[in-house]
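This is protein.pdb. It holds PDB, C-alpha atoms.
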```pdb
ATOM      1  CA  MET W 289      34.173  65.242   9.445
ATOM      2  CA  THR W 290      32.604  61.818   8.902
ATOM      3  CA  ILE W 291      33.097  59.079  11.518
ATOM      4  CA  PHE W 292      32.554  55.353  11.034
ATOM      5  CA  SER W 293      33.015  52.522  13.501
ATOM      6  CA  GLY W 294      34.031  48.953  12.904
ATOM      7  CA  SER W 295      32.533  46.142  14.948
ATOM      8  CA  ALA W 296      35.441  45.970  17.429
ATOM      9  CA  HIS W 297      34.309  48.687  19.871
ATOM     10  CA  PRO W 298      31.207  50.624  18.734
ATOM     11  CA  ALA W 299      30.570  51.893  22.284
ATOM     12  CA  LEU W 300      33.826  53.876  22.215
ATOM     13  CA  ALA W 301      33.011  55.295  18.768
ATOM     14  CA  LYS W 302      29.589  56.432  20.012
ATOM     15  CA  ALA W 303      31.180  58.069  23.066
ATOM     16  CA  ILE W 304      33.664  59.911  20.825
ATOM     17  CA  CYS W 305      30.822  61.138  18.601
ATOM     18  CA  ARG W 306      28.902  62.402  21.637
ATOM     19  CA  GLN W 307      31.955  64.424  22.653
ATOM     20  CA  LEU W 308      32.287  65.878  19.147
ATOM     21  CA  GLU W 309      28.523  66.337  18.699
ATOM     22  CA  VAL W 310      28.867  64.565  15.353
ATOM     23  CA  PRO W 311      26.641  61.653  14.317
ATOM     24  CA  LEU W 312      28.189  58.211  13.955
ATOM     25  CA  SER W 313      27.747  57.306  10.296
ATOM     26  CA  PRO W 314      26.367  53.825   9.587
ATOM     27  CA  SER W 315      28.287  50.989   7.979
ATOM     28  CA  ARG W 316      27.416  47.426   7.041
ATOM     29  CA  LEU W 317      29.560  44.318   7.489
ATOM     30  CA  THR W 318      28.560  41.252   5.470
ATOM     31  CA  ARG W 319      29.992  37.737   5.737
ATOM     32  CA  PHE W 320      29.540  35.582   2.651
ATOM     33  CA  THR W 321      29.062  31.815   2.719
ATOM     34  CA  ASN W 322      32.733  31.357   1.771
ATOM     35  CA  ASP W 323      33.660  33.292   4.961
ATOM     36  CA  CYS W 324      34.841  36.406   3.079
ATOM     37  CA  LEU W 325      33.926  39.814   4.486
ATOM     38  CA  GLU W 326      32.518  42.854   2.719
ATOM     39  CA  VAL W 327      32.187  46.361   4.144
ATOM     40  CA  GLN W 328      29.900  49.124   2.919
ATOM     41  CA  LEU W 329      30.167  52.649   4.337
ATOM     42  CA  GLN W 330      26.592  53.907   4.257
ATOM     43  CA  ALA W 331      27.260  57.659   4.247
ATOM     44  CA  ASN W 332      28.826  60.076   1.792
ATOM     45  CA  CYS W 333      32.639  60.149   1.950
ATOM     46  CA  ARG W 334      33.433  62.235  -1.141
ATOM     47  CA  GLU W 335      35.952  64.956  -0.233
ATOM     48  CA  ARG W 336      35.212  64.331   3.464
ATOM     49  CA  ASP W 337      37.646  64.048   6.356
ATOM     50  CA  VAL W 338      36.924  60.412   7.248
ATOM     51  CA  PHE W 339      37.774  58.845  10.627
ATOM     52  CA  LEU W 340      37.578  55.065  11.078
ATOM     53  CA  VAL W 341      37.424  53.901  14.713
ATOM     54  CA  GLN W 342      38.652  50.324  15.144
ATOM     55  CA  PRO W 343      40.941  49.007  17.912
ATOM     56  CA  LEU W 344      42.589  45.685  17.099
ATOM     57  CA  VAL W 345      41.070  43.467  19.779
ATOM     58  CA  PRO W 346      40.122  39.761  19.736
ATOM     59  CA  PRO W 347      39.366  38.341  17.282
ATOM     60  CA  VAL W 348      42.264  40.486  16.062
ATOM     61  CA  GLN W 349      42.540  39.038  12.549
ATOM     62  CA  GLU W 350      38.813  39.538  11.885
ATOM     63  CA  HIS W 351      38.920  43.134  13.053
ATOM     64  CA  LEU W 352      42.118  43.829  11.110
ATOM     65  CA  VAL W 353      40.597  42.634   7.824
ATOM     66  CA  GLU W 354      37.450  44.620   8.562
ATOM     67  CA  LEU W 355      39.573  47.735   9.120
ATOM     68  CA  LEU W 356      41.480  47.215   5.861
ATOM     69  CA  LEU W 357      38.178  46.845   3.987
ATOM     70  CA  MET W 358      36.839  50.024   5.621
ATOM     71  CA  ILE W 359      39.941  51.945   4.530
ATOM     72  CA  ASP W 360      39.616  50.584   1.006
ATOM     73  CA  ALA W 361      35.920  51.500   0.888
ATOM     74  CA  ALA W 362      36.656  55.073   2.016
ATOM     75  CA  ARG W 363      39.457  55.437  -0.527
ATOM     76  CA  GLY W 364      37.203  54.107  -3.281
ATOM     77  CA  ALA W 365      34.539  56.617  -2.220
ATOM     78  CA  SER W 366      36.957  59.536  -2.834
ATOM     79  CA  ALA W 367      37.515  60.535   0.795
ATOM     80  CA  ALA W 368      39.726  63.616   1.070
ATOM     81  CA  ARG W 369      41.657  62.108   3.999
ATOM     82  CA  ILE W 370      41.388  58.822   5.896
ATOM     83  CA  THR W 371      42.470  58.720   9.540
ATOM     84  CA  VAL W 372      42.542  55.368  11.302
ATOM     85  CA  VAL W 373      41.649  55.788  14.981
ATOM     86  CA  MET W 374      43.234  52.701  16.509
ATOM     87  CA  PRO W 375      43.234  53.055  20.316
ATOM     88  CA  HIS W 376      44.774  49.598  20.725
ATOM     89  CA  TYR W 377      47.295  48.218  18.221
ATOM     90  CA  ALA W 378      47.585  44.539  19.163
ATOM     91  CA  TYR W 379      50.498  43.835  16.824
ATOM     92  CA  ALA W 380      52.610  46.483  18.558
ATOM     93  CA  ARG W 381      53.961  43.698  20.796
ATOM     94  CA  SER W 382      55.574  42.113  17.718
ATOM     95  CA  ASP W 383      58.139  44.891  17.401
ATOM     96  CA  LYS W 384      61.540  43.172  17.264
ATOM     97  CA  LYS W 385      63.350  40.085  16.085
ATOM     98  CA  ASP W 386      64.362  38.432  19.345
ATOM     99  CA  ALA W 387      64.588  34.876  17.979
ATOM    100  CA  PRO W 388      65.670  33.364  14.650
ATOM    101  CA  ARG W 389      63.220  33.330  11.726
ATOM    102  CA  ILE W 390      60.308  35.100  13.379
ATOM    103  CA  SER W 391      58.063  37.707  11.818
ATOM    104  CA  ILE W 392      57.839  41.337  12.918
ATOM    105  CA  GLY W 393      54.079  41.699  12.786
ATOM    106  CA  GLY W 394      54.016  45.283  14.026
ATOM    107  CA  ARG W 395      55.767  46.536  10.906
ATOM    108  CA  LEU W 396      53.935  44.230   8.486
ATOM    109  CA  VAL W 397      50.455  45.202   9.697
ATOM    110  CA  ALA W 398      51.449  48.886   9.639
ATOM    111  CA  ASP W 399      52.437  48.446   5.985
ATOM    112  CA  GLN W 400      49.068  46.823   5.258
ATOM    113  CA  ILE W 401      47.146  49.708   6.823
ATOM    114  CA  VAL W 402      49.107  52.243   4.779
ATOM    115  CA  ALA W 403      48.822  50.183   1.580
ATOM    116  CA  ALA W 404      45.035  50.008   2.050
ATOM    117  CA  GLY W 405      44.919  53.800   1.862
ATOM    118  CA  ALA W 406      45.225  55.280   5.368
ATOM    119  CA  ASP W 407      46.603  58.836   5.370
ATOM    120  CA  ARG W 408      47.041  59.155   9.122
ATOM    121  CA  VAL W 409      46.891  57.040  12.285
ATOM    122  CA  LEU W 410      45.731  58.050  15.762
ATOM    123  CA  ALA W 411      46.892  55.549  18.389
ATOM    124  CA  MET W 412      47.156  55.370  22.157
ATOM    125  CA  THR W 413      49.957  53.891  24.293
ATOM    126  CA  LEU W 414      51.801  51.771  21.767
ATOM    127  CA  HIS W 415      53.739  48.925  23.361
ATOM    128  CA  SER W 416      57.100  50.551  22.568
ATOM    129  CA  PRO W 417      58.177  53.869  21.015
ATOM    130  CA  GLN W 418      59.742  52.329  17.900
ATOM    131  CA  VAL W 419      56.345  51.045  16.716
ATOM    132  CA  HIS W 420      55.511  54.642  15.843
ATOM    133  CA  GLY W 421      58.218  54.469  13.167
ATOM    134  CA  PHE W 422      56.714  51.373  11.519
ATOM    135  CA  PHE W 423      54.108  53.581   9.844
ATOM    136  CA  SER W 424      55.102  55.589   6.758
ATOM    137  CA  VAL W 425      52.250  58.045   7.357
ATOM    138  CA  PRO W 426      51.893  60.563  10.223
ATOM    139  CA  VAL W 427      51.035  58.992  13.587
ATOM    140  CA  ASP W 428      49.569  60.877  16.532
ATOM    141  CA  HIS W 429      50.569  58.772  19.528
ATOM    142  CA  LEU W 430      48.608  59.688  22.650
ATOM    143  CA  HIS W 431      48.942  58.238  26.133
ATOM    144  CA  ALA W 432      46.366  57.867  28.904
ATOM    145  CA  LEU W 433      48.542  58.915  31.855
ATOM    146  CA  TYR W 434      46.548  62.086  32.556
ATOM    147  CA  GLU W 435      43.236  60.212  32.452
ATOM    148  CA  LEU W 436      44.560  57.519  34.801
ATOM    149  CA  ALA W 437      46.061  60.135  37.126
ATOM    150  CA  ALA W 438      42.785  62.074  37.219
ATOM    151  CA  HIS W 439      41.120  58.961  38.614
ATOM    152  CA  LEU W 440      43.443  59.145  41.643
ATOM    153  CA  ARG W 441      42.936  62.860  42.200
ATOM    154  CA  GLY W 442      41.733  63.589  45.717
ATOM    155  CA  LEU W 443      43.372  60.534  47.274
ATOM    156  CA  ASP W 444      46.110  60.821  49.891
ATOM    157  CA  LEU W 445      49.272  59.932  47.976
ATOM    158  CA  SER W 446      51.751  60.943  50.680
ATOM    159  CA  ASN W 447      52.710  57.291  51.218
ATOM    160  CA  ALA W 448      52.391  56.235  47.564
ATOM    161  CA  VAL W 449      54.990  54.829  45.197
ATOM    162  CA  VAL W 450      54.542  54.110  41.492
ATOM    163  CA  ILE W 451      56.090  50.846  40.351
ATOM    164  CA  SER W 452      56.765  49.625  36.831
ATOM    165  CA  PRO W 453      56.421  45.845  36.328
ATOM    166  CA  ASP W 454      59.575  45.872  34.199
ATOM    167  CA  LEU W 455      62.466  48.193  33.431
ATOM    168  CA  GLY W 456      61.177  48.865  29.905
ATOM    169  CA  ASN W 457      58.141  50.701  31.265
ATOM    170  CA  ALA W 458      60.094  52.678  33.887
ATOM    171  CA  LYS W 459      60.082  55.895  31.832
ATOM    172  CA  GLU W 460      56.273  55.860  31.629
ATOM    173  CA  ALA W 461      56.099  55.141  35.364
ATOM    174  CA  SER W 462      58.332  58.155  36.039
ATOM    175  CA  SER W 463      56.095  60.386  33.902
ATOM    176  CA  PHE W 464      53.042  59.083  35.742
ATOM    177  CA  ALA W 465      54.701  59.789  39.097
ATOM    178  CA  ARG W 466      55.423  63.392  38.067
ATOM    179  CA  ILE W 467      51.778  63.877  37.041
ATOM    180  CA  LEU W 468      50.545  62.453  40.353
ATOM    181  CA  GLY W 469      52.905  64.579  42.437
ATOM    182  CA  THR W 470      53.140  68.296  43.009
ATOM    183  CA  PRO W 471      55.593  70.592  41.155
ATOM    184  CA  GLY W 472      59.074  69.642  42.262
ATOM    185  CA  HIS W 473      57.798  66.752  44.383
ATOM    186  CA  PRO W 474      56.925  63.757  42.228
ATOM    187  CA  VAL W 475      55.654  60.538  43.738
ATOM    188  CA  PRO W 476      58.568  58.091  44.250
ATOM    189  CA  VAL W 477      59.180  55.450  41.572
ATOM    190  CA  ALA W 478      60.266  51.822  41.751
ATOM    191  CA  ALA W 479      60.718  49.136  39.095
ATOM    192  CA  ALA W 480      60.803  45.359  38.943
ATOM    193  CA  ALA W 481      63.642  43.474  37.268
ATOM    194  CA  LYS W 482      61.719  40.998  35.105
ATOM    195  CA  GLN W 483      62.930  38.059  33.075
ATOM    196  CA  ARG W 484      60.652  36.113  30.741
ATOM    197  CA  MET W 485      61.371  32.400  30.973
ATOM    198  CA  PRO W 486      60.520  29.546  28.562
ATOM    199  CA  ASP W 487      56.810  28.599  28.311
ATOM    200  CA  ASP W 488      55.974  32.304  28.739
ATOM    201  CA  LYS W 489      56.660  32.209  32.475
ATOM    202  CA  VAL W 490      57.783  35.399  34.198
ATOM    203  CA  GLU W 491      60.308  35.715  36.997
ATOM    204  CA  ILE W 492      60.955  38.915  38.954
ATOM    205  CA  SER W 493      64.384  38.711  40.518
ATOM    206  CA  SER W 494      64.292  41.966  42.475
ATOM    207  CA  ILE W 495      62.488  45.251  43.021
ATOM    208  CA  ILE W 496      64.523  48.411  42.592
ATOM    209  CA  GLY W 497      63.318  51.172  44.906
ATOM    210  CA  ASP W 498      61.655  51.547  48.304
ATOM    211  CA  VAL W 499      58.224  49.897  48.508
ATOM    212  CA  GLU W 500      58.314  48.678  52.117
ATOM    213  CA  GLY W 501      55.013  49.515  53.852
ATOM    214  CA  ARG W 502      53.903  51.858  51.067
ATOM    215  CA  ASP W 503      50.721  52.305  49.059
ATOM    216  CA  VAL W 504      51.831  50.877  45.719
ATOM    217  CA  ILE W 505      50.423  51.958  42.350
ATOM    218  CA  VAL W 506      51.381  49.451  39.654
ATOM    219  CA  LEU W 507      51.395  50.994  36.163
ATOM    220  CA  ASP W 508      51.506  48.899  32.985
ATOM    221  CA  ASP W 509      50.621  49.638  29.372
ATOM    222  CA  GLU W 510      48.648  46.437  28.807
ATOM    223  CA  ILE W 511      47.400  43.531  30.899
ATOM    224  CA  ALA W 512      46.489  40.387  28.968
ATOM    225  CA  ARG W 513      47.118  37.118  30.835
ATOM    226  CA  GLY W 514      48.404  39.115  33.802
ATOM    227  CA  SER W 515      51.333  36.795  34.493
ATOM    228  CA  THR W 516      53.739  39.698  35.106
ATOM    229  CA  ILE W 517      51.325  41.535  37.417
ATOM    230  CA  ILE W 518      50.569  38.404  39.450
ATOM    231  CA  GLU W 519      54.277  37.619  39.827
ATOM    232  CA  LEU W 520      54.845  41.223  40.939
ATOM    233  CA  LEU W 521      52.001  41.019  43.467
ATOM    234  CA  ASP W 522      53.571  37.874  44.937
ATOM    235  CA  ARG W 523      56.902  39.667  45.317
ATOM    236  CA  LEU W 524      55.312  42.790  46.813
ATOM    237  CA  ARG W 525      53.774  40.636  49.552
ATOM    238  CA  GLU W 526      57.324  39.980  50.780
ATOM    239  CA  TYR W 527      57.742  43.731  51.373
ATOM    240  CA  ASP W 528      54.592  44.019  53.522
ATOM    241  CA  VAL W 529      53.117  46.801  51.362
ATOM    242  CA  ALA W 530      50.135  48.699  52.768
ATOM    243  CA  SER W 531      47.961  48.471  49.654
ATOM    244  CA  VAL W 532      48.157  47.955  45.902
ATOM    245  CA  ARG W 533      46.324  49.647  43.050
ATOM    246  CA  VAL W 534      46.798  48.225  39.559
ATOM    247  CA  ALA W 535      46.488  50.611  36.592
ATOM    248  CA  CYS W 536      46.862  50.030  32.869
ATOM    249  CA  THR W 537      45.790  51.577  29.581
ATOM    250  CA  HIS W 538      44.695  48.436  27.727
ATOM    251  CA  GLY W 539      42.775  46.088  30.020
ATOM    252  CA  LEU W 540      42.411  42.956  27.902
ATOM    253  CA  PHE W 541      42.285  40.582  30.908
ATOM    254  CA  THR W 542      42.419  37.298  29.006
ATOM    255  CA  GLU W 543      42.266  33.794  30.503
ATOM    256  CA  GLY W 544      40.726  34.929  33.793
ATOM    257  CA  ALA W 545      43.458  37.485  34.546
ATOM    258  CA  LEU W 546      41.052  39.979  36.120
ATOM    259  CA  ASP W 547      39.760  37.468  38.667
ATOM    260  CA  ARG W 548      43.250  36.231  39.507
ATOM    261  CA  ILE W 549      44.476  39.788  40.138
ATOM    262  CA  ALA W 550      41.390  40.746  42.146
ATOM    263  CA  GLU W 551      41.815  37.672  44.363
ATOM    264  CA  HIS W 552      44.936  39.174  45.941
ATOM    265  CA  PRO W 553      43.716  40.720  49.224
ATOM    266  CA  GLU W 554      46.199  43.612  49.104
ATOM    267  CA  VAL W 555      44.749  44.813  45.758
ATOM    268  CA  THR W 556      42.215  47.509  46.603
ATOM    269  CA  GLU W 557      41.454  48.612  43.031
ATOM    270  CA  ILE W 558      42.111  47.790  39.384
ATOM    271  CA  PHE W 559      41.516  50.570  36.885
ATOM    272  CA  CYS W 560      42.019  50.788  33.138
ATOM    273  CA  THR W 561      40.736  52.775  30.179
ATOM    274  CA  ASP W 562      38.120  51.907  27.579
ATOM    275  CA  THR W 563      40.534  51.630  24.638
ATOM    276  CA  VAL W 564      39.300  48.032  24.431
ATOM    277  CA  PRO W 565      35.866  46.639  25.309
ATOM    278  CA  GLY W 566      35.898  46.083  29.062
ATOM    279  CA  PRO W 567      34.797  43.036  31.035
ATOM    280  CA  SER W 568      31.181  42.851  32.178
ATOM    281  CA  ALA W 569      30.288  45.345  34.872
ATOM    282  CA  HIS W 570      29.789  42.600  37.478
ATOM    283  CA  ALA W 571      33.149  40.905  36.801
ATOM    284  CA  THR W 572      34.580  42.333  40.037
ATOM    285  CA  ASP W 573      33.750  45.294  42.246
ATOM    286  CA  LYS W 574      37.442  46.197  42.261
ATOM    287  CA  LEU W 575      37.428  47.207  38.578
ATOM    288  CA  THR W 576      36.955  50.801  37.376
ATOM    289  CA  ILE W 577      36.886  51.857  33.719
ATOM    290  CA  VAL W 578      38.231  55.321  32.836
ATOM    291  CA  SER W 579      37.089  56.763  29.513
ATOM    292  CA  VAL W 580      39.560  58.095  26.954
ATOM    293  CA  ALA W 581      36.776  59.160  24.580
ATOM    294  CA  PRO W 582      37.231  62.879  25.451
ATOM    295  CA  ALA W 583      40.974  62.718  24.698
ATOM    296  CA  LEU W 584      40.468  60.855  21.411
ATOM    297  CA  ALA W 585      37.637  63.201  20.415
ATOM    298  CA  GLU W 586      39.764  66.272  21.085
ATOM    299  CA  ALA W 587      42.639  64.793  19.075
ATOM    300  CA  MET W 588      40.281  64.099  16.162
ATOM    301  CA  ARG W 589      38.913  67.631  16.363
ATOM    302  CA  ARG W 590      42.432  69.073  16.301
ATOM    303  CA  ILE W 591      43.460  66.841  13.382
ATOM    304  CA  HIS W 592      40.368  67.932  11.468
ATOM    305  CA  ASN W 593      41.038  71.627  12.159
ATOM    306  CA  GLY W 594      44.777  71.440  11.499
ATOM    307  CA  GLU W 595      45.711  72.254  15.098
ATOM    308  CA  SER W 596      48.501  70.883  17.267
ATOM    309  CA  VAL W 597      47.873  67.573  19.031
ATOM    310  CA  SER W 598      50.993  67.889  21.236
ATOM    311  CA  VAL W 599      49.125  69.617  24.050
ATOM    312  CA  LEU W 600      47.050  66.469  24.623
ATOM    313  CA  PHE W 601      49.996  64.286  25.628
ATOM    314  CA  ASP W 602      51.890  67.078  27.354
ATOM    315  CA  PRO W 603      49.747  70.005  28.568
ATOM    316  CA  SER W 604      52.920  71.979  29.322
ATOM    317  CA  VAL W 605      53.642  72.227  25.583
ATOM    318  CA  PRO W 606      52.325  75.541  24.196
ATOM    319  CA  ASP W 607      49.518  75.157  21.645
ATOM    320  CA  ARG W 608      51.016  75.945  18.254
TER     321      ARG W 608
END
```

Take the structure I supplied and represent it as structure tokens, if you would.
Amino acid sequence: MTIFSGSAHPALAKAICRQLEVPLSPSRLTRFTNDCLEVQLQANCRERDVFLVQPLVPPVQEHLVELLLMIDAARGASAARITVVMPHYAYARSDKKDAPRISIGGRLVADQIVAAGADRVLAMTLHSPQVHGFFSVPVDHLHALYELAAHLRGLDLSNAVVISPDLGNAKEASSFARILGTPGHPVPVAAAAKQRMPDDKVEISSIIGDVEGRDVIVLDDEIARGSTIIELLDRLREYDVASVRVACTHGLFTEGALDRIAEHPEVTEIFCTDTVPGPSAHATDKLTIVSVAPALAEAMRRIHNGESVSVLFDPSVPDR
């Protein structure tokens, strides 16, 4: 097993290597005067099981080209297998044609990654299930629900309710509620009916489920500008909720979203994983980062050893 990291999130790659007790192999990224990039993998790849760790985070296009060059370098160095470890796939949001003459970037970028030479992809919490099918190579699609739920272990959840910011994420919210609850007694679930308006504005017309006076746990897959979460927080205030915790897998928090969410007095905590580089530690005392390095490391170990990865995203599945 040989592991390289791109420049997008080296801290996560180092944490994964610590879990695996494998050194992080060096690489070199060069930018020429004409703005072209060149990548050199500075460790032997011949007949090795090579893992390339690179989430697609801003600047996304720079990190995407760097990833493609890393894949090409590993293929040219006769790697036995190349697995792209992509905890965050930014183009997953471009997954459908919902307006005339628009591109479907999720499929196009998947084709580029495969064409560059990737044999396998390890991803976490893709924006929608169909994105998995955009890749013509095997994809191990993990989620971070167990890591996020572990963060809440020990808290009194007798008055809690899990709410999805939109109906599309309701299935994940239901799974999260089952994990948080006890066998046969999941935490209740609610969902917001969201409509995206022109100019990227969000309107929540109603909340389906009982949230009155409860301790609300908002679960989303990704928070970027936070417009949906902030609209939901405004609506929850009408229901006189006791408290709000905001959880997500990919905490991008662009355009001051973290501060705007933390400003709401009913929000007691915001927690997300380290699939993307997190904000500075002093951004707000309400923010907690949960590491997914152990889960990614175990998936990589199982891929390397030819073992099942299913147990990682559903521990009830027998190891086979």

*Choose the residue, out of W:Gly594, W:Pro553, W:Met588, W:Gln330, that has the smallest atom-to-atom separation from W:Val310; count only C-alpha atoms.*
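Checking each candidate against W:Val310, we get W:Met588 as the closest.
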
*Any chance you could work out the residue set of the PyMOL selection byres ((chain W and resi 455) around 7) here, as a count of residues only?*
8

*Suppose you want the space between atom CA of W:Leu540 and atom CA of W:Ser598; what is it in Å?*
27.2 Å

*Between W:Glu350, W:Asp498, W:Glu335, W:Asp428, single out the one closest to W:Arg590, counting all atoms listed in the file.*
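Of W:Glu350, W:Asp498, W:Glu335, W:Asp428, the one nearest W:Arg590, counting all atoms listed in the file, is W:Asp428.
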
Given all atoms listed in the file, how would the per-residue table for stretch 350-457 of chain W near stretch 554-566 of chain W read, listing every residue at most 12 Å away with its closest atom pair and distance in Å to one decimal, sorted by chain and number, as CSV?
```
residue,atom,partner,partner_atom,distance
W:Val373,CA,W:Thr563,CA,10.6
W:Met374,CA,W:Thr563,CA,8.6
W:Pro375,CA,W:Thr563,CA,5.3
W:His376,CA,W:Thr563,CA,6.1
W:Tyr377,CA,W:Thr563,CA,9.9
W:Ala378,CA,W:Val564,CA,10.4
W:Ala411,CA,W:Thr563,CA,9.7
W:Met412,CA,W:Thr563,CA,8.0
W:Thr413,CA,W:Thr563,CA,9.7
W:Leu414,CA,W:Thr563,CA,11.6
W:Leu430,CA,W:Thr563,CA,11.6
W:His431,CA,W:Thr561,CA,10.7
W:Ala432,CA,W:Thr561,CA,7.7
W:Leu433,CA,W:Thr561,CA,10.1
W:Tyr434,CA,W:Thr561,CA,11.2
W:Glu435,CA,W:Thr561,CA,8.2
W:Leu436,CA,W:Cys560,CA,7.4
W:Ala437,CA,W:Phe559,CA,10.6
W:Ala438,CA,W:Phe559,CA,11.6
W:His439,CA,W:Phe559,CA,8.6
W:Leu440,CA,W:Phe559,CA,10.0
```

*When the PyMOL selection byres ((chain W and resi 353) around 10) is applied to the file above, which residues end up in the set, as a VMD selection string?*
chain W and resid 324 to 327 344 348 to 352 354 to 359 400 to 401

*asked:* Could you list, as a VMD selection string, every residue matched by the PyMOL selection byres ((chain W and resi 302-309) around 9) in this structure?
replied: chain W and resid 291 293 298 to 301 310 to 312 579 to 586 588 to 589

Mind working out the centre and edge lengths of an axis-aligned box for stretch 294-298 of chain W, all listed atoms inside, 6 Å added to each side, rounded to one decimal in Å and written as lines of an AutoDock Vina configuration file?
```
center_x = 33.3
center_y = 48.3
center_z = 16.4
size_x = 16.2
size_y = 16.7
size_z = 19.0
```

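Taking atom CA of W:His592 as the reference point, atom CA of W:Phe292 is found at 14.8 Å.
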
*Work out how far atom CA of W:Gln328 is from atom CA of W:Pro314, in Å to one decimal.*
8.9 Å

*So which one's closest to W:Asp573, W:Leu546, W:Leu443, W:Val449, W:Ile517? Using all atoms listed in the file, please.*
W:Leu546

*Can you tell me, as a ChimeraX atom specification, what residues are no more than 9 Å from W:Leu524 when counting only C-alpha atoms, ignoring any on the same chain fewer than 6 positions away?*
/W:495,499-500,504,532

*From the list W:Arg502, W:Arg395, W:Ala587, W:Ala550, which residue is nearest W:Phe339 when using only C-alpha atoms?*
W:Ala587

*asked:* When you count only C-alpha atoms, which of these residues is closest to W:Arg381: W:Ala367, W:Ile591, W:Leu410, W:Val397?
replied: W:Val397

*Between W:Val402, W:Val490, W:Ala478, W:Ile496, which one has atoms that come closest to W:Arg513, using all atoms listed in the file?*
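Smallest distance to W:Arg513 is found for W:Val490.
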
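The list of residues with at least one atom within 10 Å of W:Asn332, based on all atoms listed in the file and without residues fewer than 6 positions apart in the same chain, reads W:Thr290, W:Ser313, W:Val338, W:Ala362, W:Ala365, W:Ser366, W:Ala367.
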
*Which residues, written as JSON, numbers by chain, have at least one atom at most 6 Å from W:Asp337, with all atoms listed in the file counted and residues fewer than 6 positions away on the same chain left out?*
{"W": [289, 368, 369]}

Any chance you can output those residues with C-alpha atoms as a tab-separated table (two decimals), in the coordinates of the input?
```tsv
chain	number	residue	atom	x	y	z
W	289	MET	CA	34.17	65.24	9.44
W	368	ALA	CA	39.73	63.62	1.07
W	369	ARG	CA	41.66	62.11	4.00
```
